[in-house]
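Just run32.cif here, mmCIF, C-alpha atoms:
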```
data_work
loop_
_atom_site.label_atom_id
_atom_site.label_comp_id
_atom_site.auth_asym_id
_atom_site.auth_seq_id
_atom_site.Cartn_x
_atom_site.Cartn_y
_atom_site.Cartn_z
CA MET A 19 110.79 88.55 129.60
CA ALA A 20 108.82 86.36 127.19
CA LYS A 21 109.59 86.81 123.51
CA THR A 22 106.70 88.06 121.43
CA ASN A 23 105.51 85.54 118.83
CA ALA A 24 107.19 86.68 115.62
CA ALA A 25 104.28 85.51 113.45
CA PHE A 26 101.99 87.95 115.26
CA MET A 27 104.40 90.83 114.88
CA SER A 28 104.13 91.50 111.17
CA GLY A 29 103.29 95.17 110.74
CA VAL A 30 103.09 95.72 114.50
CA PRO A 31 106.40 97.61 114.95
CA GLU A 32 105.36 100.15 112.30
CA LEU A 33 101.99 100.74 113.95
CA VAL A 34 103.42 100.96 117.46
CA ILE A 35 106.28 103.24 116.48
CA LEU A 36 104.05 105.60 114.51
CA ARG A 37 101.55 105.73 117.38
CA LEU A 38 104.14 106.55 120.04
CA LEU A 39 106.00 109.06 117.90
CA SER A 40 102.78 110.82 116.95
CA GLN A 41 102.41 111.72 120.63
CA ARG A 42 105.90 113.15 121.11
CA GLU A 43 109.36 113.02 119.57
CA MET A 44 111.72 110.37 120.91
CA TYR A 45 115.09 108.82 120.22
CA GLY A 46 115.56 105.08 119.73
CA TYR A 47 116.41 104.06 123.28
CA GLU A 48 113.58 106.16 124.67
CA LEU A 49 111.19 104.64 122.15
CA VAL A 50 112.11 101.07 123.09
CA ARG A 51 111.52 101.92 126.74
CA ALA A 52 108.20 103.54 125.87
CA ILE A 53 107.08 100.44 123.95
CA ARG A 54 107.84 98.20 126.91
CA LEU A 55 106.28 100.54 129.44
CA THR A 56 103.14 101.31 127.47
CA SER A 57 102.53 97.67 126.56
CA SER A 58 103.39 96.54 130.11
CA ASP A 59 106.13 94.35 128.64
CA ALA A 60 103.63 92.53 126.40
CA LEU A 61 105.54 93.73 123.34
CA SER A 62 109.22 92.96 123.27
CA LEU A 63 110.94 94.12 120.10
CA ALA A 64 114.57 93.16 119.59
CA GLU A 65 116.11 96.50 120.45
CA GLY A 66 118.62 96.58 117.61
CA VAL A 67 115.85 95.96 115.13
CA VAL A 68 114.01 99.17 116.00
CA TYR A 69 116.51 101.29 114.08
CA PRO A 70 116.02 99.70 110.64
CA THR A 71 112.28 100.20 111.12
CA LEU A 72 112.81 103.84 112.11
CA HIS A 73 115.06 104.43 109.11
CA SER A 74 112.63 102.69 106.80
CA LEU A 75 109.76 104.87 108.02
CA GLU A 76 111.96 107.94 107.64
CA SER A 77 112.97 107.03 104.08
CA ARG A 78 109.29 106.66 103.20
CA GLY A 79 108.59 110.15 104.53
CA LEU A 80 106.52 108.92 107.50
CA LEU A 81 109.02 110.12 110.11
CA LYS A 82 111.34 113.07 110.35
CA ALA A 83 114.71 112.73 112.07
CA LYS A 84 116.48 115.55 113.86
CA ASP A 85 119.93 115.54 115.48
CA LYS A 86 120.05 116.97 118.97
CA VAL A 87 122.65 117.11 121.71
CA VAL A 88 121.10 116.34 125.08
CA ASP A 89 123.24 116.05 128.23
CA ALA A 90 126.35 116.18 126.02
CA ARG A 91 125.13 113.14 124.07
CA ALA A 92 124.22 113.19 120.40
CA ARG A 93 120.73 111.86 119.83
CA VAL A 94 118.60 111.38 116.77
CA TYR A 95 115.04 112.31 117.61
CA TYR A 96 112.15 111.10 115.49
CA ARG A 97 108.63 112.39 115.09
CA THR A 98 105.82 111.66 112.67
CA THR A 99 105.20 113.78 109.60
CA ASN A 100 101.74 114.62 108.24
CA LYS A 101 102.10 111.66 105.93
CA GLY A 102 103.06 109.52 108.93
CA ASP A 103 99.96 110.65 110.84
CA LYS A 104 97.76 109.69 107.88
CA GLN A 105 99.48 106.30 107.63
CA LEU A 106 98.89 105.82 111.35
CA GLN A 107 95.16 106.46 110.93
CA LYS A 108 95.06 103.94 108.11
CA LEU A 109 96.99 101.29 110.06
CA GLN A 110 94.89 101.81 113.17
CA GLY A 111 91.73 101.28 111.12
CA GLU A 112 93.10 98.10 109.59
CA TRP A 113 94.26 96.85 112.96
CA GLN A 114 90.85 97.45 114.54
CA ARG A 115 89.13 95.64 111.70
CA VAL A 116 91.41 92.59 111.97
CA ASN A 117 91.26 92.65 115.75
CA ASN A 118 87.44 92.73 115.75
CA GLY A 119 87.37 89.84 113.29
CA ILE A 120 89.69 87.74 115.42
CA GLN A 121 87.71 88.55 118.56
CA ARG A 122 84.53 87.36 116.84
CA ILE A 123 86.21 84.13 115.69
CA LEU A 124 87.61 83.44 119.15
CA GLY A 125 84.21 84.18 120.69
CA ALA A 126 82.42 81.90 118.23
CA THR A 127 84.84 79.07 118.88
CA SER A 128 84.23 79.34 122.63
CA ALA A 129 80.49 79.22 122.05
CA GLN A 130 80.80 76.13 119.86
CA HIS A 131 82.88 74.44 122.57
CA GLN A 132 80.15 75.23 125.06
CA LEU A 133 77.48 73.71 122.78
CA ALA A 134 79.55 70.54 122.37
CA MET B 16 126.58 87.22 123.99
CA PRO B 17 129.78 88.65 122.41
CA SER B 18 130.02 92.36 121.66
CA ILE B 19 129.01 93.50 118.19
CA ASN B 20 131.94 94.25 115.92
CA TRP B 21 130.68 97.64 114.69
CA ARG B 22 133.12 97.89 111.81
CA ASN B 23 132.18 94.47 110.48
CA LEU B 24 128.51 95.29 110.80
CA GLN B 25 128.95 98.54 108.88
CA LEU B 26 130.92 96.73 106.17
CA THR B 27 128.23 94.07 105.92
CA LEU B 28 125.59 96.74 105.48
CA LEU B 29 127.57 98.66 102.88
CA ARG B 30 128.48 95.53 100.96
CA GLY B 31 124.82 94.57 101.02
CA GLY B 32 123.95 97.83 99.29
CA VAL B 33 122.67 99.87 102.25
CA ALA B 34 122.95 103.60 101.59
CA PRO B 35 126.04 104.97 103.41
CA LYS B 36 123.84 107.45 105.29
CA TYR B 37 121.73 104.69 106.80
CA ALA B 38 124.67 102.34 107.41
CA ARG B 39 126.46 105.09 109.34
CA ARG B 40 123.39 106.08 111.31
CA THR B 41 122.50 102.50 112.16
CA ILE B 42 125.92 102.02 113.71
CA GLN B 43 125.94 105.35 115.53
CA GLU B 44 122.48 104.91 116.96
CA LEU B 45 123.14 101.31 117.98
CA GLN B 46 126.33 102.39 119.73
CA GLN B 47 124.42 105.10 121.58
CA HIS B 48 121.72 102.60 122.46
CA HIS B 49 124.30 100.14 123.76
CA ALA B 50 125.94 102.85 125.87
CA ASP B 51 122.55 103.86 127.29
CA LEU B 52 121.83 100.25 128.22
CA VAL B 53 125.18 99.88 129.96
CA ARG B 54 124.50 103.07 131.95
CA GLU B 55 121.06 101.79 132.87
CA PHE B 56 122.40 98.47 134.15
CA LEU B 57 125.25 100.14 136.03
CA ALA B 58 122.71 102.42 137.71
CA LYS B 59 120.92 99.28 138.87
CA GLY B 60 124.11 98.26 140.63
CA VAL B 61 125.40 95.44 138.44
CA SER B 62 129.09 95.10 137.66
CA HIS B 63 130.52 96.66 134.52
CA ASP B 64 131.13 93.30 132.80
CA GLU B 65 127.62 92.15 133.61
CA ALA B 66 126.19 95.46 132.37
CA VAL B 67 128.03 95.12 129.07
CA ALA B 68 126.93 91.49 128.69
CA ARG B 69 123.30 92.41 129.30
CA ALA B 70 123.52 95.36 126.90
CA ASN B 71 124.95 93.05 124.23
CA HIS B 72 122.07 90.66 124.78
CA ASP B 73 119.41 93.36 124.58
CA VAL B 74 120.80 95.02 121.46
CA GLY B 75 120.89 91.66 119.68
CA ASP B 76 123.41 89.97 117.44
CA ALA B 77 124.94 91.62 114.41
CA GLN B 78 123.60 89.03 111.98
CA THR B 79 119.98 89.59 112.98
CA ILE B 80 120.38 93.37 112.79
CA ALA B 81 122.09 93.13 109.39
CA GLN B 82 119.34 90.84 108.05
CA GLU B 83 116.69 93.25 109.26
CA VAL B 84 118.37 96.25 107.62
CA LEU B 85 119.07 94.43 104.35
CA ALA B 86 115.45 93.25 104.16
CA LYS B 87 114.32 96.87 103.94
CA ARG B 88 114.74 97.64 100.27
CA GLU B 89 114.07 101.32 100.72
CA LEU B 90 117.32 101.57 102.71
CA LEU B 91 119.38 100.28 99.78
CA THR B 92 121.01 102.60 97.28
CA TRP B 93 119.54 103.18 93.85
CA SER B 94 122.67 101.73 92.33
CA TYR B 95 122.14 98.51 94.24
CA ARG B 96 118.44 98.30 93.48
CA PHE B 97 118.75 99.26 89.82
CA PRO B 98 122.36 98.46 88.77
CA LYS B 99 121.58 98.21 85.05
CA LEU B 100 119.96 101.62 85.06
CA VAL B 101 122.60 103.38 87.16
CA PHE B 102 125.74 101.77 85.82
CA LEU B 103 124.77 100.93 82.26
CA ALA B 104 121.95 103.10 80.92
CA VAL B 105 122.82 106.34 82.72
CA PRO B 106 126.51 106.44 81.65
CA ILE B 107 125.74 105.48 78.05
CA VAL B 108 123.01 108.08 77.72
CA GLY B 109 124.60 110.55 80.13
CA TYR B 110 127.99 110.87 78.47
CA PRO B 111 126.71 112.12 75.07
CA ILE B 112 124.32 114.49 76.85
CA LEU B 113 127.15 115.79 79.04
CA PHE B 114 129.46 116.19 76.08
CA LEU B 115 126.91 117.97 73.90
CA THR B 116 125.81 120.24 76.75
CA LEU B 117 129.38 121.29 77.49
CA PHE B 118 130.29 121.65 73.83
CA PHE B 119 127.30 123.81 72.97
CA SER B 120 127.35 125.94 76.12
CA THR B 121 131.08 126.65 76.34
CA ILE B 122 132.21 126.59 72.70
CA LEU B 123 129.47 127.02 70.12
CA LEU B 124 127.35 129.46 72.10
CA PRO B 125 130.22 131.89 72.93
CA ILE B 126 131.39 131.79 69.29
CA LYS B 127 127.88 132.57 68.09
CA LEU B 128 127.71 135.42 70.58
CA PHE B 129 131.00 136.84 69.31
CA GLU B 130 129.79 136.53 65.75
CA SER B 131 126.51 138.28 66.56
CA GLN B 132 128.56 141.18 67.90
CA GLY B 133 130.37 141.49 64.58
CA ASP B 134 133.45 139.56 65.63
CA SER B 135 134.42 136.31 64.02
CA THR B 136 136.82 133.57 64.97
CA GLN B 137 139.79 135.24 63.32
CA HIS B 138 139.24 138.38 65.41
CA LEU B 139 139.10 136.61 68.73
CA ALA B 140 141.86 137.41 71.18
CA ASP B 141 144.69 134.92 71.48
CA TRP B 142 143.71 133.93 74.99
CA VAL B 143 140.18 133.13 73.82
CA ILE B 144 141.53 130.93 71.05
CA THR B 145 143.86 129.22 73.52
CA LEU B 146 140.95 128.69 75.90
CA LEU B 147 138.80 127.23 73.11
CA TYR B 148 141.62 124.94 72.12
CA CYS B 149 142.06 123.73 75.69
CA LEU B 150 138.33 123.14 76.07
CA LEU B 151 138.12 121.23 72.79
CA PHE B 152 141.13 119.14 73.79
CA PHE B 153 139.57 118.41 77.18
CA TYR B 154 136.15 117.50 75.78
CA SER B 155 137.56 115.36 72.97
CA TYR B 156 140.31 113.49 74.78
CA LEU B 157 139.86 113.73 78.54
CA LEU B 158 136.15 114.03 79.27
CA ALA B 159 135.29 110.40 78.49
CA PRO B 160 138.20 108.89 80.50
CA LEU B 161 137.48 111.14 83.51
CA PHE B 162 133.75 110.43 83.28
CA LEU B 163 134.43 106.70 83.18
CA VAL B 164 136.91 106.80 86.03
CA GLY B 165 134.12 108.44 88.04
CA VAL B 166 131.69 105.68 87.04
CA SER B 167 134.29 103.03 87.95
CA MET B 168 134.98 104.55 91.35
CA LEU B 169 131.28 104.91 92.09
CA SER B 170 130.69 101.30 91.16
CA ARG B 171 133.37 100.26 93.64
CA ARG B 172 131.95 102.49 96.35
CA ARG B 173 128.56 100.93 95.81
CA THR B 174 130.10 97.45 95.51
CA THR B 175 127.73 96.37 92.78
CA LYS B 176 128.61 93.61 90.40
CA LEU B 177 131.13 95.00 87.97
CA LEU B 178 129.58 93.56 84.80
CA TRP B 179 127.30 96.54 84.05
CA PRO B 180 129.86 99.28 84.74
CA LEU B 181 132.41 97.36 82.66
CA ILE B 182 130.06 97.21 79.69
CA ALA B 183 129.33 100.93 80.12
CA VAL B 184 133.07 101.66 80.23
CA VAL B 185 133.67 99.82 76.94
CA VAL B 186 130.69 101.45 75.20
CA VAL B 187 131.39 104.99 76.41
CA ALA B 188 135.13 104.59 75.77
CA PHE B 189 134.27 103.55 72.20
CA ILE B 190 132.01 106.59 71.75
CA GLY B 191 134.38 109.03 73.45
CA SER B 192 137.56 107.81 71.78
CA GLY B 193 136.11 108.24 68.31
CA LEU B 194 136.11 112.01 68.77
CA SER B 195 138.73 114.28 67.31
CA PHE B 196 138.82 118.01 66.66
CA HIS B 197 140.67 120.69 64.80
CA LEU B 198 140.89 124.40 65.35
CA ILE B 199 142.64 126.40 62.64
CA ARG B 200 142.98 130.09 63.02
CA SER B 201 143.74 132.15 59.97
CA LEU B 202 144.24 135.87 59.62
CA THR B 203 142.50 135.65 56.27
CA PRO B 204 138.79 136.27 56.76
CA GLY B 205 136.67 133.16 56.28
CA GLU B 206 139.58 130.71 56.46
CA SER B 207 139.51 129.99 60.19
CA SER B 208 137.80 126.77 61.05
CA LEU B 209 136.75 124.73 63.98
CA GLY B 210 135.72 121.14 63.49
CA LEU B 211 134.71 118.17 65.55
CA THR B 212 134.55 114.72 64.01
CA TRP B 213 133.59 111.28 65.18
CA GLY B 214 134.13 108.02 63.45
CA TYR B 215 136.00 104.78 62.92
CA SER B 216 137.09 103.68 59.47
CA PHE B 217 135.81 100.11 60.01
CA LEU B 218 132.32 101.57 60.44
CA GLY B 219 132.57 102.97 56.93
CA ILE B 220 133.00 106.52 58.23
CA PRO B 221 135.93 108.26 56.54
CA THR B 222 138.59 109.39 59.01
CA ALA B 223 141.98 111.03 58.80
CA ASP B 224 145.11 108.89 58.44
CA ASN B 225 145.79 106.80 61.54
CA ALA B 226 142.79 108.37 63.28
CA THR B 227 141.08 105.02 63.82
CA THR B 228 144.25 103.45 65.17
CA LEU B 229 144.74 106.34 67.57
CA SER B 230 141.10 106.18 68.62
CA LEU B 231 141.36 102.47 69.35
CA LEU B 232 144.54 103.08 71.35
CA ARG B 233 142.78 105.77 73.37
CA MET B 234 139.85 103.46 73.92
CA THR B 235 142.15 100.65 75.11
CA ALA B 236 143.96 103.04 77.46
CA THR B 237 140.66 104.30 78.87
CA VAL B 238 139.34 100.79 79.47
CA ALA B 239 142.67 99.78 81.05
CA VAL B 240 142.66 102.78 83.41
CA CYS B 241 139.06 102.10 84.43
CA GLY B 242 139.78 98.40 84.90
CA ALA B 243 142.77 99.25 87.11
CA CYS B 244 140.60 101.69 89.02
CA MET B 245 137.96 99.02 89.64
CA TYR B 246 140.62 96.53 90.69
CA PHE B 247 142.72 98.72 92.97
CA TYR B 248 140.21 101.17 94.38
CA ARG B 249 138.88 99.61 97.60
CA PRO B 250 137.08 102.36 99.48
CA LEU B 251 135.36 100.04 101.94
CA GLU B 252 138.61 98.62 103.24
CA ALA B 253 139.77 102.08 104.25
CA LEU B 254 136.53 102.75 106.06
CA LYS B 255 136.79 104.41 109.44
CA ILE B 256 134.01 104.66 111.94
CA ALA B 257 133.77 107.57 114.32
CA ILE B 258 132.89 106.17 117.74
#
```
Before anything else, please render the file you have as structure tokens.
Amino acid sequence: MAKTNAAFMSGVPELVILRLLSQREMYGYELVRAIRLTSSDALSLAEGVVYPTLHSLESRGLLKAKDKVVDARARVYYRTTNKGDKQLQKLQGEWQRVNNGIQRILGATSAQHQLA
Amino acid sequence: MPSINWRNLQLTLLRGGVAPKYARRTIQELQQHHADLVREFLAKGVSHDEAVARANHDVGDAQTIAQEVLAKRELLTWSYRFPKLVFLAVPIVGYPILFLTLFFSTILLPIKLFESQGDSTQHLADWVITLLYCLLFFYSYLLAPLFLVGVSMLSRRRTTKLLWPLIAVVVVAFIGSGLSFHLIRSLTPGESSLGLTWGYSFLGIPTADNATTLSLLRMTATVAVCGACMYFYRPLEALKIAI
């Protein structure tokens, strides 16, 4: 699986994690699988690095953690808080704005190439 | 990729100032994650060794994980983020507040209450006088050393640089060791007395004979005990991880 360009990944894990956990609660392993599946393997986060991000979001009050025992295994499930949902809305807006800007630049560059 | 040494990773996180709660949870969740990966690969029919090797690869190396955790400042303890505040300012301000709160609430307030009920110190029961004496002794001679031992142990648990807690120990030991008290009970009305004094003769504050020498000895003993505590108390080396 190709590694995702690290320079493009700034802020992405937070957005992706908040988005997925706003839909349903998940534990770390499940979340990593969901990221791969939902992005069709386009996003490949180093799996061990997901936990610091989860803990960071939790410490900032954006996620809530809950211990559960499922199939005799202790799991820590995460879900977004109200504050996390608001942060998600904000990040999604920012992402759309940046994404639209980049699309326009890429489109303009193609047009200039065609003119040349 | 070699397996992660969980104990070393946890020690790295704690030494780097990560809050114990997050250091413990990082390890526990990573271990669970690793076990889930191994199960997943085994279910796909690979050998156990191969499954473990692939799980190690997918989880990542300990150094990268540690760097990622340590880069998140919100996961670090207050004492690591603000060592001057926690280990210098808080003890220096906190000790006098603690002392005054205890002194007023457990000694002066009860005496005032007794007096308001028509009793006075000379009419208090023997056990009350003994209790007052013990409390005064504790607050004057033992509170500061115990408080500072607590600060010293906490500083070792949080593995901060020892400069700030050491300065706090010297300052608070100086303040705490300058205290002395007397409690004289007389059967003659109006002759009982309770007094608390603070001072060092070299500061120009009059003290009883040898009081300054004794205070300096107490201060030296307190600093020595705290220094020994900081030197010998190594909580991280005794760390155990539940797997």
Please report as a Markdown table every residue of chain B lying within 10 Å of chain A, along with the nearest atom pair and their distance in Å (one decimal), using only C-alpha atoms.
```
| residue | atom | partner | partner_atom | distance |
| --- | --- | --- | --- | --- |
| B:Tyr37 | CA | A:His73 | CA | 7.1 |
| B:Ala38 | CA | A:Pro70 | CA | 9.6 |
| B:Arg40 | CA | A:His73 | CA | 8.8 |
| B:Thr41 | CA | A:Tyr69 | CA | 6.4 |
| B:Ile42 | CA | A:Tyr69 | CA | 9.4 |
| B:Gln43 | CA | A:Arg93 | CA | 9.4 |
| B:Glu44 | CA | A:Gly46 | CA | 7.5 |
| B:Leu45 | CA | A:Gly66 | CA | 6.6 |
| B:Gln46 | CA | A:Gly66 | CA | 9.9 |
| B:Gln47 | CA | A:Arg93 | CA | 7.9 |
| B:His48 | CA | A:Tyr47 | CA | 5.6 |
| B:His49 | CA | A:Tyr47 | CA | 8.8 |
| B:Ala50 | CA | A:Tyr47 | CA | 9.9 |
| B:Asp51 | CA | A:Tyr47 | CA | 7.3 |
| B:Leu52 | CA | A:Tyr47 | CA | 8.3 |
| B:Ala70 | CA | A:Glu65 | CA | 9.9 |
| B:Asn71 | CA | A:Gly66 | CA | 9.8 |
| B:His72 | CA | A:Glu65 | CA | 9.4 |
| B:Asp73 | CA | A:Glu65 | CA | 6.1 |
| B:Val74 | CA | A:Gly66 | CA | 4.7 |
| B:Gly75 | CA | A:Gly66 | CA | 5.8 |
| B:Asp76 | CA | A:Gly66 | CA | 8.2 |
| B:Ala77 | CA | A:Gly66 | CA | 8.6 |
| B:Thr79 | CA | A:Val67 | CA | 7.9 |
| B:Ile80 | CA | A:Val67 | CA | 5.7 |
| B:Ala81 | CA | A:Val67 | CA | 8.9 |
| B:Gln82 | CA | A:Val67 | CA | 9.4 |
| B:Glu83 | CA | A:Val67 | CA | 6.5 |
| B:Val84 | CA | A:Pro70 | CA | 5.2 |
| B:Leu85 | CA | A:Pro70 | CA | 8.8 |
| B:Ala86 | CA | A:Pro70 | CA | 9.2 |
| B:Lys87 | CA | A:Ser74 | CA | 6.7 |
| B:Arg88 | CA | A:Ser74 | CA | 8.5 |
| B:Glu89 | CA | A:Ser74 | CA | 6.4 |
| B:Leu90 | CA | A:Ser74 | CA | 6.3 |
```
Expected selection from the PyMOL selection byres ((chain B and resi 27) around 10), given as a list in words: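 Residues picked by the PyMOL selection byres ((chain B and resi 27) around 10): Trp21, Arg22, Asn23, Leu24, Gln25, Leu26, Leu28, Leu29, Arg30, Gly31, Gly32, Val33, Ala38, Ala77, Gln78, Ala81, Gln82 and Leu85 of chain B.
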10 Å contact set for Val238 of chain B, only C-alpha atoms, chain neighbours under 6 positions out, as a ChimeraX atom specification: /B:160,163-164,181-182,184-189,232,244
Those same residues - C-alpha atoms - I'd like them written as a compact mmCIF listing (two decimals), in the frame of the given file.
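The resulting file, result_23.txt, is shown below:
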```
# COMPACT_ATOMS: atom_id res chain seq x y z
CA PRO B 160 138.20 108.89 80.50
CA LEU B 163 134.43 106.70 83.18
CA VAL B 164 136.91 106.80 86.03
CA LEU B 181 132.41 97.36 82.66
CA ILE B 182 130.06 97.21 79.69
CA VAL B 184 133.07 101.66 80.23
CA VAL B 185 133.67 99.82 76.94
CA VAL B 186 130.69 101.45 75.20
CA VAL B 187 131.39 104.99 76.41
CA ALA B 188 135.13 104.59 75.77
CA PHE B 189 134.27 103.55 72.20
CA LEU B 232 144.54 103.08 71.35
CA CYS B 244 140.60 101.69 89.02
```
Coordinates-based distance that separates atom CA of Leu209 of chain B from atom CA of Pro221 of chain B (Å, one decimal):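 One can read the atom CA of Pro221 of chain B to atom CA of Leu209 of chain B distance as 18.1 Å.
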Between atom CA of Lys36 of chain B and atom CA of Leu39 of chain A - distance in Å to one decimal: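 Going from atom CA of Leu39 of chain A over to atom CA of Lys36 of chain B covers 21.9 Å.
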Two-atom distance - atom CA of Lys127 of chain B, atom CA of Gly191 of chain B (Å):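 Spanning atom CA of Lys127 of chain B to atom CA of Gly191 of chain B is a straight-line distance of 25.0 Å.
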Answer key for the PyMOL selection byres ((chain B and resi 223) around 12), residues as a ChimeraX atom specification: /B:193-197,212-216,220-222,224-230
Picked residues, the PyMOL selection byres ((chain A and resi 36) around 12), as a PyMOL selection string: chain A and resi 29-35+37-44+49+53+68+71-72+74-76+79-82+96-110
File output, segment 56-88 of chain B (C-alpha atoms) as a tab-separated table (two decimals), in the first residue's frame:
```tsv
chain	number	residue	atom	x	y	z
B	56	PHE	CA	-3.36	-12.09	9.82
B	57	LEU	CA	-3.74	-15.54	11.38
B	58	ALA	CA	-7.31	-15.64	10.10
B	59	LYS	CA	-5.91	-14.99	6.63
B	60	GLY	CA	-3.86	-18.15	7.00
B	61	VAL	CA	-0.35	-16.80	7.52
B	62	SER	CA	2.00	-18.39	10.03
B	63	HIS	CA	2.19	-17.04	13.57
B	64	ASP	CA	5.69	-15.57	13.10
B	65	GLU	CA	4.65	-13.90	9.88
B	66	ALA	CA	1.48	-12.56	11.52
B	67	VAL	CA	3.49	-11.05	14.37
B	68	ALA	CA	6.03	-9.54	11.95
B	69	ARG	CA	3.26	-7.95	9.88
B	70	ALA	CA	1.52	-6.65	13.00
B	71	ASN	CA	4.79	-5.09	14.16
B	72	HIS	CA	5.16	-3.42	10.80
B	73	ASP	CA	1.62	-2.05	10.76
B	74	VAL	CA	1.71	-0.70	14.32
B	75	GLY	CA	4.96	1.13	13.57
B	76	ASP	CA	8.18	1.60	15.48
B	77	ALA	CA	8.32	2.79	19.07
B	78	GLN	CA	10.36	5.88	18.25
B	79	THR	CA	7.80	7.22	15.77
B	80	ILE	CA	4.94	6.56	18.18
B	81	ALA	CA	6.81	8.21	21.05
B	82	GLN	CA	7.62	11.27	18.92
B	83	GLU	CA	4.00	11.57	17.91
B	84	VAL	CA	2.77	11.38	21.51
B	85	LEU	CA	5.41	13.78	22.84
B	86	ALA	CA	4.58	16.30	20.10
B	87	LYS	CA	1.07	16.63	21.51
B	88	ARG	CA	1.52	19.12	24.31
```
